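Chemist: Next comes the structure file data28.txt, holding compact mmCIF, C-alpha atoms and all ligand atoms.
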# COMPACT_ATOMS: atom_id res chain seq x y z
CA MET D 21 -9.30 -1.26 -11.49
CA ASP D 22 -12.98 -1.63 -10.72
CA HIS D 23 -16.04 -3.49 -11.96
CA PHE D 24 -18.12 -0.51 -13.10
CA THR D 25 -17.89 -0.80 -16.87
CA TYR D 26 -20.02 -0.14 -19.96
CA ARG D 27 -21.61 -3.03 -21.78
CA ASP D 28 -23.72 -2.35 -24.84
CA GLY D 29 -23.62 1.32 -23.96
CA VAL D 30 -24.96 0.86 -20.42
CA MET D 31 -22.90 1.09 -17.25
CA HIS D 32 -22.98 -2.11 -15.24
CA ALA D 33 -21.86 -2.90 -11.73
CA GLU D 34 -20.31 -6.33 -12.35
CA ASN D 35 -23.10 -8.03 -14.37
CA VAL D 36 -25.95 -5.83 -13.20
CA PRO D 37 -27.07 -2.90 -15.37
CA LEU D 38 -27.34 0.21 -13.19
CA PRO D 39 -30.78 1.19 -14.61
CA ARG D 40 -32.16 -2.00 -13.06
CA ILE D 41 -30.94 -0.94 -9.61
CA ALA D 42 -32.35 2.56 -10.12
CA GLU D 43 -35.74 1.10 -11.03
CA ASP D 44 -35.83 -1.36 -8.13
CA VAL D 45 -34.37 0.77 -5.37
CA GLY D 46 -34.80 4.34 -6.61
CA THR D 47 -32.18 7.10 -6.66
CA PRO D 48 -29.96 8.39 -5.27
CA VAL D 49 -28.37 5.13 -4.21
CA TYR D 50 -24.83 4.00 -3.41
CA VAL D 51 -23.82 0.90 -5.35
CA TYR D 52 -20.87 -1.21 -4.21
CA SER D 53 -19.13 -4.02 -6.08
CA ARG D 54 -18.11 -7.06 -4.06
CA ALA D 55 -15.58 -8.20 -6.70
CA THR D 56 -13.89 -4.79 -6.56
CA LEU D 57 -13.71 -4.82 -2.76
CA GLU D 58 -12.21 -8.30 -2.81
CA ARG D 59 -9.77 -7.38 -5.53
CA HIS D 60 -8.54 -4.34 -3.62
CA ALA D 61 -8.30 -6.32 -0.39
CA ARG D 62 -6.15 -8.94 -2.12
CA VAL D 63 -3.97 -6.48 -4.02
CA PHE D 64 -3.21 -4.61 -0.79
CA ARG D 65 -2.46 -7.83 1.09
CA GLU D 66 -0.23 -9.17 -1.68
CA ALA D 67 1.59 -5.83 -1.83
CA LEU D 68 2.64 -6.55 1.75
CA ASP D 69 3.97 -10.04 1.02
CA GLY D 70 7.42 -8.72 2.00
CA VAL D 71 6.18 -8.03 5.53
CA PRO D 72 6.35 -11.30 7.44
CA ASP D 73 4.11 -10.54 10.42
CA LYS D 74 1.12 -8.25 9.90
CA LEU D 75 -2.50 -7.40 10.61
CA ILE D 76 -4.54 -5.46 8.07
CA ALA D 77 -7.31 -3.57 9.85
CA PHE D 78 -9.75 -1.85 7.49
CA ALA D 79 -10.48 1.73 8.57
CA VAL D 80 -14.20 1.32 9.22
CA LYS D 81 -14.82 5.06 8.94
CA ALA D 82 -14.25 4.81 5.18
CA ASN D 83 -17.23 2.53 4.72
CA PRO D 84 -18.94 1.07 7.78
CA ASN D 85 -21.69 -0.76 5.89
CA LEU D 86 -22.13 -4.17 7.56
CA SER D 87 -22.04 -6.11 4.32
CA VAL D 88 -18.91 -4.30 3.17
CA LEU D 89 -17.29 -5.20 6.50
CA LYS D 90 -18.48 -8.78 6.09
CA VAL D 91 -16.79 -9.03 2.68
CA LEU D 92 -13.53 -7.74 4.20
CA SER D 93 -13.84 -9.93 7.26
CA ARG D 94 -14.04 -12.95 4.94
CA GLU D 95 -10.82 -11.70 3.34
CA GLY D 96 -9.17 -11.98 6.76
CA TYR D 97 -9.22 -8.25 7.47
CA GLY D 98 -9.60 -6.81 10.94
CA ALA D 99 -10.86 -3.33 11.73
CA ASP D 100 -9.52 0.05 12.76
CA VAL D 101 -12.38 1.69 14.69
CA VAL D 102 -12.78 5.14 16.19
CA SER D 103 -16.00 4.74 18.17
CA VAL D 104 -17.98 2.07 19.95
CA GLY D 105 -20.47 2.30 17.10
CA GLU D 106 -17.76 1.23 14.66
CA MET D 107 -16.50 -1.44 17.06
CA ARG D 108 -19.99 -2.97 17.27
CA ARG D 109 -20.22 -3.00 13.48
CA ALA D 110 -16.86 -4.77 13.15
CA LEU D 111 -17.91 -7.38 15.70
CA ALA D 112 -21.32 -7.81 14.05
CA ALA D 113 -19.55 -8.40 10.72
CA GLY D 114 -17.66 -11.28 12.32
CA MET D 115 -14.31 -9.61 12.82
CA PRO D 116 -12.62 -11.26 15.80
CA PRO D 117 -12.01 -8.84 18.72
CA GLU D 118 -8.27 -9.50 18.60
CA LYS D 119 -8.22 -8.03 15.07
CA ILE D 120 -9.79 -4.76 16.23
CA VAL D 121 -7.69 -1.65 16.85
CA PHE D 122 -9.29 1.36 18.55
CA SER D 123 -7.93 4.78 17.46
CA GLY D 124 -9.24 8.28 18.11
CA VAL D 125 -8.41 11.31 20.27
CA GLY D 126 -11.67 11.45 22.20
CA LYS D 127 -12.53 7.96 23.36
CA THR D 128 -14.96 8.40 26.25
CA ARG D 129 -14.79 6.39 29.49
CA ALA D 130 -17.86 4.49 28.35
CA GLU D 131 -16.15 3.65 25.08
CA LEU D 132 -12.93 2.58 26.76
CA LEU D 133 -14.94 0.34 29.07
CA ALA D 134 -16.97 -1.18 26.24
CA ALA D 135 -13.78 -1.91 24.29
CA LEU D 136 -12.14 -3.45 27.38
CA GLU D 137 -15.17 -5.64 27.87
CA ALA D 138 -15.09 -6.69 24.21
CA ASN D 139 -11.42 -7.60 24.69
CA ILE D 140 -10.23 -5.85 21.53
CA GLY D 141 -6.73 -6.41 20.19
CA GLN D 142 -5.20 -2.98 20.65
CA PHE D 143 -5.90 0.51 21.94
CA ASN D 144 -4.03 3.25 20.11
CA ILE D 145 -3.61 5.73 22.95
CA GLU D 146 -3.49 9.33 21.75
CA SER D 147 -2.41 11.13 24.94
CA GLU D 148 -0.89 10.60 28.37
CA GLU D 149 -4.26 11.57 29.87
CA GLU D 150 -6.10 8.89 27.90
CA GLY D 151 -3.47 6.29 28.78
CA LEU D 152 -3.78 6.97 32.51
CA GLU D 153 -7.56 6.79 32.34
CA LEU D 154 -7.49 3.53 30.41
CA ALA D 155 -4.95 2.06 32.84
CA GLU D 156 -7.18 2.88 35.79
CA LEU D 157 -10.32 1.44 34.15
CA ALA D 158 -8.51 -1.72 33.09
CA ALA D 159 -6.86 -2.25 36.45
CA ASN D 160 -10.25 -1.91 38.19
CA LEU D 161 -11.57 -4.66 35.92
CA GLY D 162 -8.50 -6.80 36.54
CA ARG D 163 -7.64 -6.53 32.85
CA GLU D 164 -4.51 -5.68 30.94
CA ALA D 165 -5.22 -3.60 27.84
CA GLN D 166 -2.85 -4.15 24.89
CA CYS D 167 -1.76 -0.68 23.79
CA ALA D 168 0.30 1.34 21.38
CA LEU D 169 1.13 5.02 21.79
CA ARG D 170 0.15 7.12 18.78
CA ILE D 171 2.95 9.43 17.78
CA ASN D 172 2.61 12.74 15.99
CA PRO D 173 5.78 12.71 13.87
CA ASP D 174 5.45 16.32 12.65
CA VAL D 175 5.52 15.38 8.99
CA ASP D 176 3.57 17.27 6.35
CA ALA D 177 1.64 14.65 4.41
CA GLY D 178 1.14 17.03 1.50
CA THR D 179 -2.60 16.44 1.35
CA HIS D 180 -5.70 18.59 1.95
CA ASP D 181 -5.37 20.47 5.27
CA LYS D 182 -8.61 19.02 6.63
CA ILE D 183 -7.41 15.43 6.26
CA SER D 184 -3.82 15.96 7.34
CA THR D 185 -3.12 14.44 10.76
CA GLY D 186 0.63 14.25 11.32
CA LYS D 187 1.71 17.87 11.68
CA ALA D 188 2.74 19.17 15.09
CA ASP D 189 -0.32 21.43 15.38
CA ASN D 190 -2.81 18.65 14.52
CA LYS D 191 -4.73 17.17 17.45
CA PHE D 192 -3.55 13.59 16.91
CA GLY D 193 -1.06 11.56 18.92
CA VAL D 194 1.69 12.75 21.26
CA PRO D 195 4.50 14.96 19.95
CA ILE D 196 7.44 12.80 18.93
CA SER D 197 9.72 14.98 21.08
CA GLN D 198 7.74 13.91 24.20
CA ALA D 199 7.12 10.32 23.14
CA GLY D 200 9.96 8.74 25.14
CA GLN D 201 8.94 10.40 28.37
CA ILE D 202 5.19 9.68 27.97
CA PHE D 203 5.90 6.10 26.93
CA GLY D 204 8.02 5.63 30.06
CA LYS D 205 5.28 6.97 32.29
CA LEU D 206 2.51 4.83 30.75
CA ALA D 207 4.59 1.67 30.45
CA VAL D 208 4.76 1.26 34.23
CA GLN D 209 1.02 1.60 34.80
CA GLU D 210 -0.85 -1.45 35.94
CA GLY D 211 -3.74 -2.21 33.57
CA VAL D 212 -1.93 -1.41 30.34
CA ARG D 213 0.65 -3.34 28.41
CA LEU D 214 2.29 -0.71 26.23
CA ARG D 215 3.77 -2.81 23.47
CA GLY D 216 4.27 -0.45 20.57
CA VAL D 217 3.75 2.79 18.71
CA ALA D 218 1.34 3.97 16.02
CA VAL D 219 1.29 6.66 13.37
CA HIS D 220 -1.16 7.97 10.76
CA ILE D 221 -0.22 11.17 8.98
CA GLY D 222 -3.19 11.79 6.72
CA SER D 223 -5.42 10.55 3.96
CA GLN D 224 -5.44 10.62 0.13
CA LEU D 225 -1.65 10.78 0.09
CA GLY D 226 -0.24 11.26 -3.40
CA GLU D 227 3.39 10.52 -2.55
CA LEU D 228 5.26 7.93 -0.53
CA ASP D 229 7.91 10.35 0.64
CA PRO D 230 6.06 11.79 3.66
CA LEU D 231 5.06 8.27 4.73
CA GLU D 232 8.66 7.10 4.46
CA ARG D 233 9.84 10.05 6.53
CA ALA D 234 7.24 9.32 9.22
CA PHE D 235 8.05 5.59 9.28
CA THR D 236 11.77 6.32 9.47
CA LYS D 237 11.23 8.61 12.47
CA LEU D 238 9.11 5.89 14.05
CA GLY D 239 11.87 3.33 13.49
CA GLU D 240 14.34 5.61 15.27
CA LEU D 241 11.88 5.98 18.11
CA VAL D 242 11.53 2.19 18.38
CA THR D 243 15.31 1.90 18.67
CA SER D 244 15.47 4.54 21.35
CA LEU D 245 12.56 3.04 23.31
CA ARG D 246 14.26 -0.35 23.21
CA GLY D 247 17.45 1.34 24.33
CA ALA D 248 15.51 2.61 27.34
CA GLY D 249 14.54 -0.95 28.21
CA HIS D 250 11.05 -1.15 26.68
CA THR D 251 9.82 -4.19 24.79
CA ILE D 252 8.36 -3.19 21.43
CA THR D 253 6.47 -5.89 19.56
CA HIS D 254 3.86 -3.96 17.53
CA VAL D 255 3.97 -0.95 15.24
CA ASP D 256 0.84 0.46 13.56
CA LEU D 257 1.58 2.32 10.33
CA GLY D 258 -1.96 3.68 9.81
CA GLY D 259 -3.57 4.16 6.41
CA GLY D 260 -3.54 7.03 3.97
CA LEU D 261 -2.72 5.66 0.52
CA GLY D 262 -4.54 7.74 -2.09
CA VAL D 263 -6.75 6.56 -4.94
CA PRO D 264 -7.11 8.03 -8.45
CA TYR D 265 -10.19 10.24 -8.54
CA ARG D 266 -9.20 11.39 -12.03
CA ALA D 267 -8.24 8.89 -14.72
CA ASP D 268 -4.83 10.57 -15.14
CA ASP D 269 -4.00 10.88 -11.40
CA GLU D 270 -0.58 9.43 -10.77
CA LEU D 271 -0.41 7.79 -7.40
CA PRO D 272 1.91 5.32 -5.75
CA SER D 273 0.57 1.81 -6.19
CA PRO D 274 -0.02 -0.55 -3.26
CA ALA D 275 2.97 -2.55 -4.57
CA GLU D 276 5.26 0.49 -4.39
CA TYR D 277 3.94 1.25 -0.92
CA GLY D 278 4.54 -2.37 0.16
CA THR D 279 8.10 -2.34 -1.17
CA MET D 280 8.88 0.89 0.68
CA VAL D 281 7.36 -0.44 3.91
CA ALA D 282 9.26 -3.73 3.69
CA ARG D 283 12.53 -1.84 3.10
CA VAL D 284 12.08 0.71 5.90
CA THR D 285 10.85 -1.79 8.49
CA ARG D 286 13.14 -4.70 7.59
CA ASP D 287 15.02 -4.76 10.88
CA TRP D 288 12.23 -3.75 13.22
CA GLY D 289 11.29 -7.28 14.33
CA VAL D 290 7.69 -6.36 15.12
CA ARG D 291 4.17 -7.21 13.98
CA LEU D 292 3.06 -4.41 11.67
CA ILE D 293 -0.53 -3.17 11.65
CA PHE D 294 -2.02 -1.38 8.63
CA GLU D 295 -5.22 0.66 8.58
CA PRO D 296 -6.17 1.18 4.92
CA GLY D 297 -9.58 2.69 4.20
CA ARG D 298 -9.94 4.57 0.94
CA VAL D 299 -7.59 2.36 -1.06
CA ILE D 300 -9.82 -0.63 -0.32
CA ALA D 301 -13.29 0.90 -0.65
CA GLY D 302 -12.93 4.07 -2.76
CA ASN D 303 -13.21 2.65 -6.24
CA ALA D 304 -15.57 -0.09 -5.11
CA GLY D 305 -18.57 2.24 -5.02
CA VAL D 306 -20.49 4.77 -7.09
CA LEU D 307 -23.31 7.13 -6.21
CA LEU D 308 -26.08 6.55 -8.73
CA THR D 309 -28.26 9.61 -9.30
CA ARG D 310 -30.97 10.82 -11.68
CA VAL D 311 -31.05 14.19 -13.41
CA VAL D 312 -34.00 16.18 -12.04
CA ARG D 313 -33.75 18.81 -14.76
CA VAL D 314 -31.29 20.81 -16.79
CA LYS D 315 -31.55 24.54 -16.18
CA ARG D 316 -30.21 27.17 -18.56
CA GLY D 317 -27.43 29.34 -17.09
CA ILE D 318 -25.76 32.59 -18.10
CA LYS D 319 -22.86 30.55 -19.38
CA ASP D 320 -23.04 26.80 -18.79
CA PRO D 321 -26.27 24.97 -18.01
CA PHE D 322 -26.89 23.55 -14.52
CA VAL D 323 -27.42 19.81 -14.45
CA ILE D 324 -29.48 19.40 -11.28
CA VAL D 325 -29.25 15.84 -9.96
CA ASP D 326 -31.26 14.21 -7.18
CA ALA D 327 -28.12 13.54 -5.10
CA ALA D 328 -26.83 16.41 -2.99
CA MET D 329 -24.08 17.47 -0.63
CA ASN D 330 -25.89 15.69 2.20
CA ASP D 331 -25.45 12.38 0.33
CA LEU D 332 -21.87 12.95 -0.90
CA ALA D 333 -20.19 15.65 1.15
CA ARG D 334 -16.63 15.48 -0.21
CA PRO D 335 -16.92 18.09 -2.97
CA ALA D 336 -18.56 20.61 -0.61
CA LEU D 337 -16.18 19.86 2.29
CA TYR D 338 -12.84 19.49 0.54
CA GLY D 339 -13.47 20.75 -2.97
CA ALA D 340 -12.98 17.11 -3.94
CA TYR D 341 -13.22 15.93 -7.54
CA HIS D 342 -15.50 13.01 -8.37
CA ASP D 343 -15.74 11.79 -11.94
CA PHE D 344 -19.31 12.22 -13.21
CA VAL D 345 -20.53 10.20 -16.18
CA ALA D 346 -23.80 9.16 -17.79
CA VAL D 347 -25.04 5.62 -17.25
CA GLN D 348 -26.11 5.50 -20.90
CA PRO D 349 -23.93 8.01 -22.78
CA LYS D 350 -25.52 9.40 -25.93
CA GLY D 351 -22.24 9.95 -27.71
CA SER D 352 -22.12 13.73 -27.28
CA ASP D 353 -20.71 16.01 -24.61
CA MET D 354 -21.72 19.13 -22.76
CA THR D 355 -20.00 21.54 -20.43
CA ALA D 356 -22.16 21.95 -17.35
CA ASN D 357 -22.32 22.84 -13.69
CA ILE D 358 -23.30 19.72 -11.74
CA VAL D 359 -25.37 20.63 -8.70
CA GLY D 360 -27.73 19.11 -6.17
CA PRO D 361 -31.10 20.41 -4.97
CA ILE D 362 -29.92 21.76 -1.59
CA CYS D 363 -30.38 25.43 -0.86
CA GLU D 364 -26.81 26.55 -0.65
CA THR D 365 -24.18 27.21 -3.24
CA GLY D 366 -21.87 24.70 -1.54
CA ASP D 367 -24.14 22.02 -2.96
CA THR D 368 -22.10 22.02 -6.14
CA PHE D 369 -20.34 18.89 -7.36
CA ALA D 370 -18.52 20.54 -10.26
CA MET D 371 -18.43 23.81 -12.22
CA GLY D 372 -17.74 24.01 -15.93
CA ARG D 373 -17.26 20.25 -16.16
CA LEU D 374 -17.04 18.57 -19.53
CA THR D 375 -19.43 15.65 -19.21
CA ASP D 376 -21.72 13.39 -21.21
CA LYS D 377 -24.78 15.12 -22.62
CA LEU D 378 -27.57 14.73 -20.07
CA GLU D 379 -31.25 15.49 -20.01
CA SER D 380 -33.97 15.39 -17.42
CA GLY D 381 -34.60 11.79 -16.27
CA ASP D 382 -31.18 10.46 -17.33
CA LEU D 383 -29.09 8.42 -14.90
CA ALA D 384 -25.51 9.31 -14.03
CA VAL D 385 -22.91 8.26 -11.48
CA PHE D 386 -20.33 9.91 -9.30
CA ARG D 387 -17.43 7.51 -9.36
CA THR D 388 -15.03 6.61 -6.56
CA ALA D 389 -17.70 7.13 -3.94
CA GLY D 390 -17.20 3.90 -2.02
CA ALA D 391 -15.07 5.55 0.68
CA TYR D 392 -16.21 8.52 2.77
CA GLY D 393 -19.48 8.61 0.81
CA ALA D 394 -22.62 7.23 2.46
CA THR D 395 -20.93 7.30 5.84
CA MET D 396 -20.58 11.10 5.79
CA ALA D 397 -24.21 11.69 4.84
CA SER D 398 -26.51 13.97 6.81
CA SER D 399 -30.22 14.72 6.60
CA TYR D 400 -29.72 18.42 5.83
CA ASN D 401 -32.71 20.06 4.14
CA SER D 402 -34.79 17.20 5.62
CA ARG D 403 -33.58 14.84 2.98
CA GLY D 404 -33.35 11.23 4.10
CA PHE D 405 -30.39 8.87 4.07
CA VAL D 406 -29.90 7.12 0.75
CA ALA D 407 -30.03 3.37 0.28
CA GLU D 408 -26.92 1.25 -0.29
CA VAL D 409 -26.75 -1.74 -2.62
CA LEU D 410 -24.12 -4.47 -2.89
CA VAL D 411 -23.64 -6.22 -6.24
CA ASP D 412 -22.17 -9.70 -6.51
CA GLY D 413 -21.93 -11.01 -10.08
CA ASP D 414 -25.47 -11.21 -11.46
CA LYS D 415 -27.20 -10.45 -8.19
CA PHE D 416 -27.64 -7.44 -5.98
CA ALA D 417 -29.15 -6.71 -2.60
CA VAL D 418 -30.14 -3.62 -0.66
CA VAL D 419 -27.62 -3.63 2.19
CA ALA D 420 -28.87 -0.44 3.81
CA ASP D 421 -32.47 0.72 3.57
CA ARG D 422 -33.29 4.20 2.47
CA ILE D 423 -34.27 6.14 5.62
CA ASP D 424 -36.77 8.69 4.47
CA ALA D 425 -37.29 12.12 5.95
CA GLY D 426 -40.51 10.92 7.61
CA ALA D 427 -38.67 8.29 9.66
CA ILE D 428 -36.24 10.94 10.86
CA MET D 429 -39.13 13.23 11.84
CA ASP D 430 -40.73 10.30 13.69
CA ALA D 431 -37.74 10.27 16.05
CA GLU D 432 -38.55 13.84 17.15
CA ARG D 433 -40.96 14.88 19.89
CA VAL D 434 -42.83 18.09 20.62
CA PRO D 435 -43.06 18.47 24.42
CA GLU D 436 -46.47 18.83 25.97
CA TRP D 437 -45.73 22.39 27.05
CA LEU D 438 -45.35 23.42 23.42
CA GLU D 439 -48.57 21.83 22.26
N1 LIG D 501 -6.27 5.29 10.45
C1 LIG D 501 -6.60 6.43 11.07
C2 LIG D 501 -6.17 6.63 12.45
C3 LIG D 501 -7.34 7.41 10.39
O1 LIG D 501 -7.66 8.54 11.01
C4 LIG D 501 -7.73 7.19 9.05
C5 LIG D 501 -8.51 8.20 8.31
C6 LIG D 501 -7.38 5.98 8.44
C7 LIG D 501 -6.64 5.05 9.16
C8 LIG D 501 -7.74 5.63 7.04
O2 LIG D 501 -7.19 6.47 6.11
P1 LIG D 501 -7.31 6.16 4.54
O3 LIG D 501 -6.54 4.90 4.27
O4 LIG D 501 -8.75 5.99 4.22
O5 LIG D 501 -6.73 7.35 3.91
N2 LIG D 501 -13.36 12.19 5.09
C9 LIG D 501 -12.10 12.39 4.42
C10 LIG D 501 -11.05 11.39 4.87
C11 LIG D 501 -10.79 11.42 6.36
C12 LIG D 501 -9.81 10.37 6.82
C13 LIG D 501 -9.76 10.29 8.30
N3 LIG D 501 -8.87 9.30 8.83
C14 LIG D 501 -12.31 12.33 2.91
O6 LIG D 501 -13.44 12.15 2.47
O7 LIG D 501 -11.37 12.50 2.15
Would you mind writing the structure in this file as structure tokens?

Modeler:
Amino acid sequence: MDHFTYRDGVMHAENVPLPRIAEDVGTPVYVYSRATLERHARVFREALDGVPDKLIAFAVKANPNLSVLKVLSREGYGADVVSVGEMRRALAAGMPPEKIVFSGVGKTRAELLAALEANIGQFNIESEEEGLELAELAANLGREAQCALRINPDVDAGTHDKISTGKADNKFGVPISQAGQIFGKLAVQEGVRLRGVAVHIGSQLGELDPLERAFTKLGELVTSLRGAGHTITHVDLGGGLGVPYRADDELPSPAEYGTMVARVTRDWGVRLIFEPGRVIAGNAGVLLTRVVRVKRGIKDPFVIVDAAMNDLARPALYGAYHDFVAVQPKGSDMTANIVGPICETGDTFAMGRLTDKLESGDLAVFRTAGAYGATMASSYNSRGFVAEVLVDGDKFAVVADRIDAGAIMDAERVPEWLE
């Protein structure tokens, strides 16, 4: 459920008609709904009522906008970060350091140091090499880093290959077959307190089964680590729950996920950490765009919009489906190819899509663009970065300025010897 609905034939974000935002801020523009973010944050938390001790750490990569993080911080959420840039955003949004978890296979020394200095809650170590490096840095600072070892459970998440992370040949975590030995080696290092394990098998998961298999393997690992004398107090179950991009997508609900988690982890006796991203932010945002022109084709016409693959990369990268609808539907349909202005064929949002009838100048939205939307933008074709707006009831604010192509060019220099 979201708060992007039609009233008197015009799509609104909460109580704000989208044409007003287009007029004030221009297009393309990402529009987020605070009420939707809060609703999703609460639904996910309540779904985990059966888990007595938990931390929910929003996966900042899904939507790192400061105001979005602020909304979630006020809901009591922490943050799962994968770079110092994300860590600084979480801190700036008021998330307490102890609620920050740092994941990622390539944390640099500088990043490890910065996170140690910020005193974050947990490092999810992704290799023996990283663990040894962190231990040395922490020991030199006289610190003890709270850590979990990320396990690669070798489970096929059944999602798109590019966002699958838990198969043996993926780069993430340590192979479950080596986990006991690596855990033993890292657990004795000064500078780290290895207190648990972590797993994340992929994103946009359409079934609970792979998650349950991964969690079950993790539970067995916890038992065997305890058997070897280790104290396990924390287990991080990652994120990954999918959202409906199509109205008829059938996905497990947060409640079903929560029930499964509570059942599988009942006897673990640990604090569980969750890292949801898409399920919180996905349906809380749309990309608002204007039709530049409609061009005749051999078969279907091309609806050329002012948003492009640099603004919303998911269709070009993963062949992802985003619902596309008119802001003020005229009551008739058309079958069209929805494309952006960028000079490559990959800049195609949809082919042969049945959509509302659109003409030059009309406004339309790509739905479910609140996660992995603005954050994956680039400036390809010397297009700028689009603005982001947050709506709250009757009011809205620009929460990220449009960065135009000129500002990006201003950051470049031509050396004297080329003048
Ligand atoms: N935790 C870790 C360690 C992750 O790598 C991710 C996502 C998450 C949590 C959050 O997963 P979520 O709950 O959002 O599924 N750009 C792709 C998605 C990449 C996800 C990367 N990792 C897309 O647009 O579909």

Chemist: Any idea what the distance is between atom CA of Val406 of chain D and atom CA of Val419 of chain D?

Modeler: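 Going from atom CA of Val406 of chain D over to atom CA of Val419 of chain D covers 11.1 Å.
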
Chemist: Go through D:Glu210, D:Asp229, D:Glu164, D:Asp256 and flag the residue nearest ligand LIG 501 (chain D), using only C-alpha atoms and all ligand atoms for the distances.

Modeler: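 For ligand LIG 501 (chain D), the nearest of the candidates is D:Asp256.
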
Chemist: Env of Lys191 of chain D: 9 Å cut, atoms = only C-alpha atoms, seq-sep filter 6 positions within chain, self excluded. Answer as a list in words.

Modeler: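 Contacts, with the query itself left out: Val125, Asn172 and Thr185 of chain D.
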
Chemist: Show which residues sit within 12 Å of Val314 of chain D, as JSON, numbers by chain. Count all atoms listed in the file, and ignore same-chain residues fewer than 3 positions away.

Modeler: {"D": [310, 311, 317, 320, 321, 322, 323, 324, 325, 326, 354, 355, 356, 357, 358, 359, 360, 361, 377, 378, 379, 380, 381, 382]}

Chemist: List the spatial neighbours of segment 157-161 of chain D as a list of chain:residue names - criterion: any atom at most 8 Å away, all atoms listed in the file, same-chain residues fewer than 3 positions off excluded.

Modeler: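 Final neighbour list, sorted by chain and number: D:Leu132, D:Leu133, D:Leu136, D:Glu153, D:Leu154, D:Glu164, D:Ala165, D:Glu210, D:Gly211, D:Val212.
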
Chemist: Within 8 Å of ligand LIG 501 (chain D), counting all atoms listed in the file: which residues, as a PyMOL selection string?

Modeler: chain D and resi 78-79+81-82+100+102+123-124+182-183+185+219-220+222-225+258-262+294-300+333-334+338+340+391-393+396

Chemist: So how far away is atom CA of Val45 of chain D from atom CA of Gly404 of chain D, in Å?

Modeler: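 Result for atom CA of Gly404 of chain D versus atom CA of Val45 of chain D: 14.1 Å, one decimal.
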
Chemist: Taking 6 positions as the minimum chain separation for residues in the same chain, which residues sit within 12 Å of segment 424-438 of chain D when counting only C-alpha atoms? Answer as a list in words.

Modeler: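 Everything that qualifies: Pro48, Ser398, Ser399, Tyr400, Asn401, Ser402, Arg403, Gly404, Phe405, Val406 and Ala407 of chain D.
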
Chemist: For the atom pair atom CA of Lys315 of chain D and atom CA of His32 of chain D, what is the interatomic distance in Å to one decimal place?

Modeler: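 Value for the atom CA of Lys315 of chain D-atom CA of His32 of chain D distance: 28.0 Å.
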
Chemist: Measuring between all atoms listed in the file, which one of D:Arg286, D:Arg163, D:Lys237, D:Arg387 shows the shortest distance to Gly70 of chain D?

Modeler: D:Arg286

Chemist: Measuring between only C-alpha atoms, which one of D:Thr309, D:Thr368, D:Thr285, D:Thr395 shows the shortest distance to Leu68 of chain D?

Modeler: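 Smallest separation from Leu68 of chain D among the options: D:Thr285.
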
Chemist: Leaving out Thr253 of chain D and any residue of its chain fewer than 6 positions from it, which residues lie within 10 Å of it when counting all atoms listed in the file, given as a PDB file with C-alpha atoms, in the frame of the given file?

Modeler:
ATOM      1  CA  ALA D 168       0.300   1.340  21.380  1.00  0.00           C
ATOM      2  CA  LEU D 214       2.290  -0.710  26.230  1.00  0.00           C
ATOM      3  CA  ARG D 215       3.770  -2.810  23.470  1.00  0.00           C
ATOM      4  CA  GLY D 216       4.270  -0.450  20.570  1.00  0.00           C
ATOM      5  CA  VAL D 217       3.750   2.790  18.710  1.00  0.00           C
ATOM      6  CA  VAL D 242      11.530   2.190  18.380  1.00  0.00           C
ATOM      7  CA  TRP D 288      12.230  -3.750  13.220  1.00  0.00           C
ATOM      8  CA  GLY D 289      11.290  -7.280  14.330  1.00  0.00           C
ATOM      9  CA  VAL D 290       7.690  -6.360  15.120  1.00  0.00           C
ATOM     10  CA  ARG D 291       4.170  -7.210  13.980  1.00  0.00           C
ATOM     11  CA  LEU D 292       3.060  -4.410  11.670  1.00  0.00           C
TER      12      LEU D 292
END

Chemist: Starting from the point (-26.1, 5.7, -19.7), work out which residues of protein, DNA or RNA have an atom no more than 10 Å away when counting only C-alpha atoms; state them as a list in words.

Modeler: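 Using only C-alpha atoms, the matching residues come out as Tyr26, Asp28, Gly29, Val30, Met31, His32, Pro37, Leu38, Pro39, Val345, Ala346, Val347, Gln348, Pro349, Lys350, Gly351, Asp376, Lys377, Leu378, Asp382, Leu383, Ala384 and Val385 of chain D.
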
Chemist: Just checking: using all atoms listed in the file, which residue out of D:Ser184, D:Thr243, D:Thr388, D:Thr365 ends up closest to Ser53 of chain D?

Modeler: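 The answer is D:Thr388, which sits nearest to Ser53 of chain D.
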
Chemist: Give the answer as one residue: which of D:Ala304, D:Val312, D:Val409, D:Ala188 has the shortest atom-to-atom distance to Ala55 of chain D, using all atoms listed in the file?

Modeler: D:Ala304

Chemist: Using all atoms listed in the file for the distances, tell me which of D:Leu410, D:Ile318, D:Ala328, D:Ala267 is nearest to Tyr341 of chain D.

Modeler: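 Going through D:Leu410, D:Ile318, D:Ala328, D:Ala267 one by one, the smallest distance to Tyr341 of chain D is for D:Ala267.
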
Chemist: Counting all atoms listed in the file, select every polymer residue within 9 Å of (-9.1, -6.1, -0.6) as defined in the file's coordinates, and provide the selection as a list of chain:residue names.

Modeler: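 Checked against the point, the hits come out as D:Thr56, D:Leu57, D:Glu58, D:Arg59, D:His60, D:Ala61, D:Arg62, D:Val63, D:Phe64, D:Arg65, D:Val91, D:Leu92, D:Glu95, D:Tyr97, D:Val299, D:Ile300, D:Ala301.
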